[in-house]
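Quick look at upload_35.pdb (PDB, C-alpha atoms):
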```pdb
ATOM      1  CA  MET A   1     -39.641 -65.627 -22.307
ATOM      2  CA  ILE A   2     -40.926 -62.078 -21.995
ATOM      3  CA  ARG A   3     -40.547 -60.703 -18.512
ATOM      4  CA  PRO A   4     -42.649 -57.597 -17.933
ATOM      5  CA  PHE A   5     -40.797 -54.530 -16.739
ATOM      6  CA  LEU A   6     -42.752 -52.984 -13.895
ATOM      7  CA  LYS A   7     -40.182 -50.777 -12.261
ATOM      8  CA  ARG A   8     -40.580 -47.643 -14.384
ATOM      9  CA  ASN A   9     -44.196 -46.787 -14.843
ATOM     10  CA  PRO A  10     -46.685 -49.563 -14.398
ATOM     11  CA  ARG A  11     -49.480 -47.380 -15.771
ATOM     12  CA  LYS A  12     -47.903 -47.264 -19.235
ATOM     13  CA  SER A  13     -49.205 -50.334 -20.984
ATOM     14  CA  LYS A  14     -46.331 -50.564 -23.509
ATOM     15  CA  ASP A  15     -43.839 -51.053 -20.669
ATOM     16  CA  PHE A  16     -45.409 -54.396 -19.984
ATOM     17  CA  LEU A  17     -44.589 -55.544 -23.486
ATOM     18  CA  VAL A  18     -40.906 -54.555 -23.501
ATOM     19  CA  PRO A  19     -38.606 -57.193 -22.128
ATOM     20  CA  GLU A  20     -36.167 -55.841 -19.582
ATOM     21  CA  ASN A  21     -33.133 -56.944 -21.569
ATOM     22  CA  GLN A  22     -34.353 -55.082 -24.691
ATOM     23  CA  ARG A  23     -35.470 -51.765 -23.307
ATOM     24  CA  PHE A  24     -33.257 -48.687 -23.602
ATOM     25  CA  SER A  25     -31.344 -47.822 -20.495
ATOM     26  CA  TRP A  26     -28.997 -45.004 -19.670
ATOM     27  CA  PRO A  27     -25.461 -46.015 -18.710
ATOM     28  CA  TRP A  28     -26.019 -45.188 -15.055
ATOM     29  CA  GLU A  29     -29.094 -47.436 -14.993
ATOM     30  CA  ARG A  30     -26.954 -50.366 -16.055
ATOM     31  CA  MET A  31     -24.346 -49.819 -13.408
ATOM     32  CA  ASN A  32     -24.475 -52.212 -10.587
ATOM     33  CA  ASN A  33     -22.274 -50.885  -7.876
ATOM     34  CA  ARG A  34     -21.815 -47.439  -6.486
ATOM     35  CA  GLY A  35     -18.135 -47.222  -7.439
ATOM     36  CA  GLN A  36     -18.927 -47.822 -11.094
ATOM     37  CA  ILE A  37     -21.576 -45.096 -11.085
ATOM     38  CA  LEU A  38     -19.173 -42.693  -9.392
ATOM     39  CA  SER A  39     -16.300 -43.337 -11.794
ATOM     40  CA  GLU A  40     -18.499 -43.142 -14.903
ATOM     41  CA  SER A  41     -20.235 -39.964 -13.805
ATOM     42  CA  THR A  42     -16.909 -38.412 -12.758
ATOM     43  CA  PHE A  43     -15.505 -39.180 -16.206
ATOM     44  CA  LEU A  44     -18.609 -37.732 -17.886
ATOM     45  CA  PHE A  45     -18.502 -34.502 -15.866
ATOM     46  CA  TRP A  46     -14.744 -34.247 -16.448
ATOM     47  CA  ARG A  47     -15.329 -34.413 -20.207
ATOM     48  CA  ILE A  48     -18.098 -31.803 -20.037
ATOM     49  CA  PHE A  49     -15.916 -29.628 -17.793
ATOM     50  CA  LEU A  50     -12.971 -29.839 -20.227
ATOM     51  CA  VAL A  51     -15.113 -28.899 -23.228
ATOM     52  CA  GLY A  52     -16.698 -26.094 -21.206
ATOM     53  CA  LEU A  53     -13.264 -24.843 -20.211
ATOM     54  CA  ILE A  54     -12.071 -24.813 -23.828
ATOM     55  CA  ILE A  55     -15.195 -22.935 -24.945
ATOM     56  CA  PHE A  56     -14.815 -20.484 -22.060
ATOM     57  CA  PHE A  57     -11.199 -19.658 -22.914
ATOM     58  CA  ILE A  58     -11.962 -19.311 -26.621
ATOM     59  CA  ALA A  59     -14.846 -16.961 -25.746
ATOM     60  CA  ILE A  60     -12.620 -14.924 -23.404
ATOM     61  CA  THR A  61      -9.855 -14.619 -26.027
ATOM     62  CA  ILE A  62     -12.206 -13.728 -28.867
ATOM     63  CA  GLY A  63     -14.268 -11.467 -26.620
ATOM     64  CA  ALA A  64     -11.261  -9.399 -25.590
ATOM     65  CA  THR A  65     -10.400  -8.833 -29.254
ATOM     66  CA  PHE A  66     -13.794  -8.168 -30.784
ATOM     67  CA  VAL A  67     -16.280  -7.187 -28.096
ATOM     68  CA  SER A  68     -15.231  -3.592 -27.709
ATOM     69  CA  LYS A  69     -17.157  -0.467 -28.447
ATOM     70  CA  GLN A  70     -16.093   2.033 -31.026
ATOM     71  CA  ASP A  71     -14.857   5.067 -29.114
ATOM     72  CA  VAL A  72     -15.685   8.174 -31.145
ATOM     73  CA  ARG A  73     -15.277  10.725 -28.359
ATOM     74  CA  GLY A  74     -11.936  11.934 -29.705
ATOM     75  CA  ALA A  75     -13.519  12.734 -33.080
ATOM     76  CA  GLU A  76     -16.518  14.252 -31.318
ATOM     77  CA  ALA A  77     -14.285  16.544 -29.262
ATOM     78  CA  ILE A  78     -12.502  17.757 -32.425
ATOM     79  CA  LEU A  79     -15.851  18.462 -34.105
ATOM     80  CA  LEU A  80     -17.101  20.299 -31.011
ATOM     81  CA  SER A  81     -13.940  22.396 -30.954
ATOM     82  CA  GLU A  82     -14.487  23.350 -34.608
ATOM     83  CA  LYS A  83     -18.137  24.112 -33.892
ATOM     84  CA  ILE A  84     -17.214  26.431 -31.011
ATOM     85  CA  THR A  85     -14.531  28.302 -32.936
ATOM     86  CA  ASP A  86     -16.907  28.714 -35.910
ATOM     87  CA  CYS A  87     -19.558  29.957 -33.498
ATOM     88  CA  ILE A  88     -17.488  32.550 -31.647
ATOM     89  CA  VAL A  89     -15.352  33.834 -34.514
ATOM     90  CA  SER A  90     -16.976  36.676 -36.400
ATOM     91  CA  LYS A  91     -15.291  38.436 -39.327
ATOM     92  CA  GLY A  92     -11.938  36.874 -38.402
ATOM     93  CA  THR A  93     -11.959  38.139 -34.816
ATOM     94  CA  ILE A  94     -13.338  37.036 -31.460
ATOM     95  CA  LYS A  95     -15.096  39.582 -29.277
ATOM     96  CA  ILE A  96     -13.559  39.808 -25.815
ATOM     97  CA  ASP A  97     -17.018  39.316 -24.276
ATOM     98  CA  PHE A  98     -17.805  36.223 -26.359
ATOM     99  CA  ASN A  99     -20.279  33.615 -25.126
ATOM    100  CA  LEU A 100     -21.006  29.965 -25.868
ATOM    101  CA  ASP A 101     -24.798  30.307 -25.877
ATOM    102  CA  ASN A 102     -26.489  28.617 -28.848
ATOM    103  CA  CYS A 103     -23.194  27.173 -30.074
ATOM    104  CA  PHE A 104     -24.151  23.559 -29.314
ATOM    105  CA  ILE A 105     -26.691  21.480 -27.405
ATOM    106  CA  ASN A 106     -25.322  21.958 -23.930
ATOM    107  CA  ASN A 107     -25.913  18.996 -21.637
ATOM    108  CA  ASP A 108     -24.035  17.107 -18.939
ATOM    109  CA  GLU A 109     -22.381  14.798 -21.472
ATOM    110  CA  TYR A 110     -19.987  17.568 -22.508
ATOM    111  CA  TYR A 111     -17.722  20.094 -20.902
ATOM    112  CA  VAL A 112     -16.275  23.150 -22.593
ATOM    113  CA  ASN A 113     -13.786  25.541 -21.056
ATOM    114  CA  ALA A 114     -12.960  28.379 -23.419
ATOM    115  CA  SER A 115     -10.564  31.046 -22.195
ATOM    116  CA  LEU A 116      -9.529  34.015 -24.266
ATOM    117  CA  ASN A 117      -6.347  35.871 -23.307
ATOM    118  CA  SER A 118      -5.143  39.060 -24.860
ATOM    119  CA  LEU A 119      -1.363  38.954 -25.371
ATOM    120  CA  GLU A 120      -1.224  42.746 -25.554
ATOM    121  CA  SER A 121      -3.548  44.217 -22.921
ATOM    122  CA  GLY A 122      -3.624  41.133 -20.656
ATOM    123  CA  LEU A 123      -7.430  41.007 -20.709
ATOM    124  CA  ARG A 124      -8.915  37.602 -19.970
ATOM    125  CA  ASN A 125     -12.365  36.105 -20.432
ATOM    126  CA  GLU A 126     -13.320  32.540 -19.552
ATOM    127  CA  LYS A 127     -16.565  30.706 -20.352
ATOM    128  CA  LEU A 128     -17.549  27.310 -19.003
ATOM    129  CA  ALA A 129     -20.357  25.027 -20.104
ATOM    130  CA  GLY A 130     -21.469  21.500 -19.210
ATOM    131  CA  ASP A 131     -20.326  19.187 -16.429
ATOM    132  CA  HIS A 132     -17.505  20.923 -14.540
ATOM    133  CA  ASN A 133     -16.248  17.641 -13.016
ATOM    134  CA  LEU A 134     -14.723  16.819 -16.384
ATOM    135  CA  GLU A 135     -12.132  19.566 -15.824
ATOM    136  CA  THR A 136     -10.592  17.493 -13.006
ATOM    137  CA  ASP A 137     -11.073  14.194 -14.835
ATOM    138  CA  CYS A 138      -9.275  15.509 -17.917
ATOM    139  CA  ALA A 139      -6.427  16.890 -15.785
ATOM    140  CA  LEU A 140      -6.037  13.502 -14.092
ATOM    141  CA  LEU A 141      -6.145  11.721 -17.442
ATOM    142  CA  GLU A 142      -3.446  14.006 -18.837
ATOM    143  CA  LYS A 143      -1.249  13.198 -15.839
ATOM    144  CA  GLY A 144      -1.547   9.521 -16.764
ATOM    145  CA  THR A 145      -3.875   8.480 -13.957
ATOM    146  CA  GLU A 146      -5.586   5.138 -14.585
ATOM    147  CA  MET A 147      -9.343   5.640 -14.644
ATOM    148  CA  LYS A 148     -12.111   3.096 -14.816
ATOM    149  CA  GLU A 149     -14.207   5.362 -16.990
ATOM    150  CA  PRO A 150     -11.912   7.888 -18.684
ATOM    151  CA  PRO A 151     -13.575  10.795 -20.506
ATOM    152  CA  GLY A 152     -12.644  11.889 -24.009
ATOM    153  CA  CYS A 153     -10.557  15.053 -23.663
ATOM    154  CA  LEU A 154      -9.121  17.554 -26.105
ATOM    155  CA  ARG A 155      -7.015  20.566 -25.271
ATOM    156  CA  GLN A 156      -6.342  23.098 -28.034
ATOM    157  CA  ARG A 157      -4.750  26.520 -28.362
ATOM    158  CA  PHE A 158      -5.492  28.931 -31.188
ATOM    159  CA  TYR A 159      -3.732  32.227 -31.816
ATOM    160  CA  VAL A 160      -6.481  34.688 -32.660
ATOM    161  CA  LEU A 161      -7.321  38.325 -33.149
ATOM    162  CA  ILE A 162      -9.409  39.765 -30.360
ATOM    163  CA  ASP A 163     -11.959  42.482 -30.889
ATOM    164  CA  ASN A 164     -11.618  44.563 -27.730
ATOM    165  CA  ASN A 165     -14.262  47.236 -28.242
ATOM    166  CA  SER A 166     -13.261  47.744 -31.897
ATOM    167  CA  GLN A 167      -9.577  47.628 -30.986
ATOM    168  CA  ILE A 168      -7.875  44.601 -32.529
ATOM    169  CA  GLU A 169      -5.366  42.776 -30.309
ATOM    170  CA  LYS A 170      -3.371  39.594 -30.640
ATOM    171  CA  GLY A 171      -4.484  36.840 -28.302
ATOM    172  CA  ALA A 172      -4.831  33.154 -27.606
ATOM    173  CA  LEU A 173      -7.933  31.017 -27.277
ATOM    174  CA  ASN A 174      -7.471  27.973 -25.043
ATOM    175  CA  LEU A 175     -10.095  25.288 -25.378
ATOM    176  CA  LEU A 176     -10.643  22.258 -23.190
ATOM    177  CA  ILE A 177     -13.302  19.880 -24.456
ATOM    178  CA  GLY A 178     -14.463  16.918 -22.392
ATOM    179  CA  VAL A 179     -16.908  14.251 -23.518
ATOM    180  CA  LYS A 180     -18.407  11.692 -21.138
ATOM    181  CA  LYS A 181     -20.750   9.272 -22.973
ATOM    182  CA  TYR A 182     -19.191   6.399 -21.034
ATOM    183  CA  SER A 183     -21.839   3.755 -21.631
ATOM    184  CA  GLU A 184     -21.883   4.279 -25.398
ATOM    185  CA  ASN A 185     -18.097   4.293 -25.858
ATOM    186  CA  ILE A 186     -16.500   2.153 -23.169
ATOM    187  CA  LYS A 187     -16.900  -1.626 -23.082
TER     188      LYS A 187
ATOM    189  CA  MET B 188     -22.963 -55.112 -31.928
ATOM    190  CA  ASN B 189     -24.748 -56.225 -28.790
ATOM    191  CA  LYS B 190     -27.440 -54.236 -26.954
ATOM    192  CA  LYS B 191     -25.026 -52.703 -24.454
ATOM    193  CA  GLY B 192     -22.682 -51.589 -27.253
ATOM    194  CA  ALA B 193     -25.546 -49.936 -29.151
ATOM    195  CA  GLU B 194     -26.635 -48.080 -26.038
ATOM    196  CA  ASP B 195     -23.087 -46.865 -25.432
ATOM    197  CA  VAL B 196     -22.870 -45.653 -29.019
ATOM    198  CA  LEU B 197     -26.199 -43.818 -28.637
ATOM    199  CA  TRP B 198     -25.020 -42.241 -25.403
ATOM    200  CA  ASN B 199     -21.774 -41.129 -27.061
ATOM    201  CA  VAL B 200     -23.687 -39.762 -30.057
ATOM    202  CA  ILE B 201     -25.815 -37.661 -27.685
ATOM    203  CA  LEU B 202     -22.676 -36.303 -26.010
ATOM    204  CA  VAL B 203     -21.035 -35.536 -29.357
ATOM    205  CA  LEU B 204     -24.209 -33.719 -30.477
ATOM    206  CA  VAL B 205     -24.197 -31.639 -27.288
ATOM    207  CA  PHE B 206     -20.533 -30.706 -27.819
ATOM    208  CA  LEU B 207     -21.116 -29.969 -31.498
ATOM    209  CA  SER B 208     -24.049 -27.678 -30.728
ATOM    210  CA  ALA B 209     -21.927 -25.866 -28.112
ATOM    211  CA  ALA B 210     -19.144 -25.473 -30.681
ATOM    212  CA  GLY B 211     -21.722 -24.306 -33.260
ATOM    213  CA  LEU B 212     -23.029 -21.631 -30.900
ATOM    214  CA  LEU B 213     -19.472 -20.494 -30.174
ATOM    215  CA  PHE B 214     -18.658 -20.394 -33.885
ATOM    216  CA  SER B 215     -21.775 -18.375 -34.765
ATOM    217  CA  TRP B 216     -20.975 -15.880 -31.996
ATOM    218  CA  MET B 217     -17.332 -15.640 -33.146
ATOM    219  CA  SER B 218     -18.454 -15.195 -36.728
ATOM    220  CA  SER B 219     -20.879 -12.383 -35.854
ATOM    221  CA  GLU B 220     -18.179 -10.648 -33.805
ATOM    222  CA  ALA B 221     -15.456 -11.087 -36.432
ATOM    223  CA  THR B 222     -17.604  -9.840 -39.318
ATOM    224  CA  GLY B 223     -18.760  -6.842 -37.281
ATOM    225  CA  LYS B 224     -22.464  -7.708 -37.550
ATOM    226  CA  SER B 225     -22.959  -7.163 -33.844
ATOM    227  CA  ILE B 226     -21.575  -3.604 -33.875
ATOM    228  CA  LYS B 227     -22.880  -2.534 -37.279
ATOM    229  CA  SER B 228     -25.841  -0.609 -35.854
ATOM    230  CA  GLU B 229     -23.591   1.048 -33.248
ATOM    231  CA  VAL B 230     -21.159   2.194 -35.957
ATOM    232  CA  ILE B 231     -24.001   3.498 -38.168
ATOM    233  CA  ALA B 232     -25.541   5.454 -35.262
ATOM    234  CA  LYS B 233     -22.215   6.957 -34.193
ATOM    235  CA  GLN B 234     -21.035   7.850 -37.696
ATOM    236  CA  THR B 235     -24.402   9.427 -38.511
ATOM    237  CA  ALA B 236     -24.280  11.467 -35.283
ATOM    238  CA  LEU B 237     -20.750  12.625 -36.163
ATOM    239  CA  LEU B 238     -21.889  13.556 -39.681
ATOM    240  CA  ILE B 239     -24.711  15.644 -38.188
ATOM    241  CA  ASP B 240     -22.246  17.276 -35.761
ATOM    242  CA  ALA B 241     -19.908  18.166 -38.611
ATOM    243  CA  SER B 242     -22.662  19.611 -40.806
ATOM    244  CA  GLU B 243     -24.093  23.079 -41.021
ATOM    245  CA  ASN B 244     -27.687  24.199 -41.373
ATOM    246  CA  GLY B 245     -29.165  23.403 -44.774
ATOM    247  CA  THR B 246     -27.134  20.234 -45.237
ATOM    248  CA  VAL B 247     -28.848  17.108 -46.542
ATOM    249  CA  ILE B 248     -27.201  13.817 -45.532
ATOM    250  CA  PHE B 249     -28.001  10.501 -47.180
ATOM    251  CA  VAL B 250     -27.321   7.386 -45.126
ATOM    252  CA  SER B 251     -27.764   3.974 -46.763
ATOM    253  CA  ALA B 252     -29.205   2.448 -43.605
ATOM    254  CA  ASP B 253     -32.337   2.429 -41.487
ATOM    255  CA  VAL B 254     -31.866   5.506 -39.309
ATOM    256  CA  THR B 255     -34.283   7.648 -37.310
ATOM    257  CA  VAL B 256     -33.674  10.974 -35.579
ATOM    258  CA  ASP B 257     -35.569  11.917 -32.441
ATOM    259  CA  GLY B 258     -34.584  15.211 -30.822
ATOM    260  CA  ASN B 259     -30.799  15.095 -30.628
ATOM    261  CA  LYS B 260     -30.576  11.292 -30.803
ATOM    262  CA  VAL B 261     -29.819   9.101 -33.782
ATOM    263  CA  THR B 262     -31.207   5.570 -33.691
ATOM    264  CA  ALA B 263     -29.946   2.933 -36.111
ATOM    265  CA  VAL B 264     -31.304  -0.585 -36.548
ATOM    266  CA  SER B 265     -29.262  -3.270 -38.263
ATOM    267  CA  GLU B 266     -29.419  -7.080 -37.981
ATOM    268  CA  ASN B 267     -32.177  -6.624 -35.357
ATOM    269  CA  VAL B 268     -29.767  -4.697 -33.125
ATOM    270  CA  LYS B 269     -30.763  -1.151 -32.141
ATOM    271  CA  SER B 270     -28.235   1.528 -31.204
ATOM    272  CA  GLU B 271     -28.566   5.150 -30.159
ATOM    273  CA  TYR B 272     -26.125   8.039 -30.090
ATOM    274  CA  SER B 273     -26.668  11.701 -29.345
ATOM    275  CA  PHE B 274     -25.278  14.660 -31.231
ATOM    276  CA  PHE B 275     -24.506  18.224 -30.106
ATOM    277  CA  ASN B 276     -25.404  20.123 -33.266
ATOM    278  CA  ASN B 277     -28.202  22.532 -32.386
ATOM    279  CA  ALA B 278     -29.665  22.490 -35.888
ATOM    280  CA  LYS B 279     -33.056  20.788 -36.227
ATOM    281  CA  ALA B 280     -32.516  17.373 -37.814
ATOM    282  CA  THR B 281     -35.330  15.482 -39.526
ATOM    283  CA  ALA B 282     -35.020  12.020 -41.044
ATOM    284  CA  LYS B 283     -37.080  10.724 -43.950
ATOM    285  CA  LYS B 284     -37.045   7.197 -45.373
ATOM    286  CA  VAL B 285     -36.119   7.214 -49.048
ATOM    287  CA  GLU B 286     -35.328   4.453 -51.495
ATOM    288  CA  GLY B 287     -32.136   2.721 -50.399
ATOM    289  CA  GLY B 288     -31.727   4.481 -47.083
ATOM    290  CA  THR B 289     -32.545   7.560 -45.055
ATOM    291  CA  GLU B 290     -32.320  11.246 -45.845
ATOM    292  CA  ILE B 291     -31.431  13.556 -42.971
ATOM    293  CA  ARG B 292     -32.110  17.243 -43.408
ATOM    294  CA  LEU B 293     -30.653  19.911 -41.131
ATOM    295  CA  THR B 294     -32.634  23.137 -40.852
TER     296      THR B 294
END
```

I'd like the structure from this file rewritten - as structure tokens, please.
Amino acid sequence: MIRPFLKRNPRKSKDFLVPENQRFSWPWERMNNRGQILSESTFLFWRIFLVGLIIFFIAITIGATFVSKQDVRGAEAILLSEKITDCIVSKGTIKIDFNLDNCFINNDEYYVNASLNSLESGLRNEKLAGDHNLETDCALLEKGTEMKEPPGCLRQRFYVLIDNNSQIEKGALNLLIGVKKYSENIK
Amino acid sequence: MNKKGAEDVLWNVILVLVFLSAAGLLFSWMSSEATGKSIKSEVIAKQTALLIDASENGTVIFVSADVTVDGNKVTAVSENVKSEYSFFNNAKATAKKVEGGTEIRLT
């Protein structure tokens, strides 16, 4: 005998034709008492939770290995150092009153500290460009201080010939290059 | 199999499909990370910017990728991922699409 099922949606005509014992029902619809529903749903959520946990830990492990940005600031600092030395050296010497103008696109992403010291006459000339805060950041980084966003730093020393008003002297060029570009290079 | 058994099987099949699709998503993400697809555009942009930095005026660079230069920024697009990186070279860089890649001219 076909017993019409009226509980779900009486407006749907096909529901009237489906016997109650033949219609599809979700497991929780077939459960009679509250304890059964609770235990079944607890088991279901436990299974989903376990699978979710496994996926989460796999994602964390893989993520730590692969999801990291390529940090090119070290290479960039070396290239900038070369660019500056090429820019300020003329005919094998550096003029004592050198400047960094037009050597590179100067913006707040970089910091350059170039100091020229004469080892003979003791003359000194220092030129700074870019974000001066990087001077401190680089010093802290060199001391081994842990930083959330460390800059890329390069310190170099070149022994050079200084053109001091047509008088050639031996000297040293100390360069400190700092590169920020945190968002592009740090995860 | 009775009606209740069939419904249980269907319910389990649905669960298995959900878990399999979750595993599939995880696998596709792992695969794209492991093969470097996700960082390809970033690497192209950065390497191109470094090439421009290392070059002198008059240099012509050929990059076998879709690259554009706007001001002092290189933009690379690969696998529908766009990446940008700036360069410090004060030479004027212009990019032109050529067969098989992009030609960058420094003047």

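Near chain B, within 7 Å and using all atoms listed in the file, the residues of chain A are Ile62, Phe66, Val67, Glu76, Leu79, Phe104 and Ile105 of chain A.
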
Worksheet item: Could you pull the residues within 9 Å of Gly122 (chain A), counting all atoms listed in the file, minus those fewer than 4 positions along the same chain, as number ranges by chain?
Response: A: 117-118, 171

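Note that CA of His132 (chain A) and CA of Thr262 (chain B) are 28.1 Å apart.
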
Worksheet item: Which value, in Å to one decimal, gives the distance between CA of Ala129 (chain A) and CA of Asn113 (chain A)?
Response: 6.7 Å

Response to the item:
Counting only C-alpha atoms, closest pick from B:Ile231, B:Ile239, B:Leu293, B:Val247 relative to Val268 (chain B) is B:Ile231

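Of the residues listed (B:Lys227, B:Arg292, B:Lys279, B:Lys284), B:Lys284 shows the shortest atom-to-atom separation from Val254 (chain B); distances use all atoms listed in the file.
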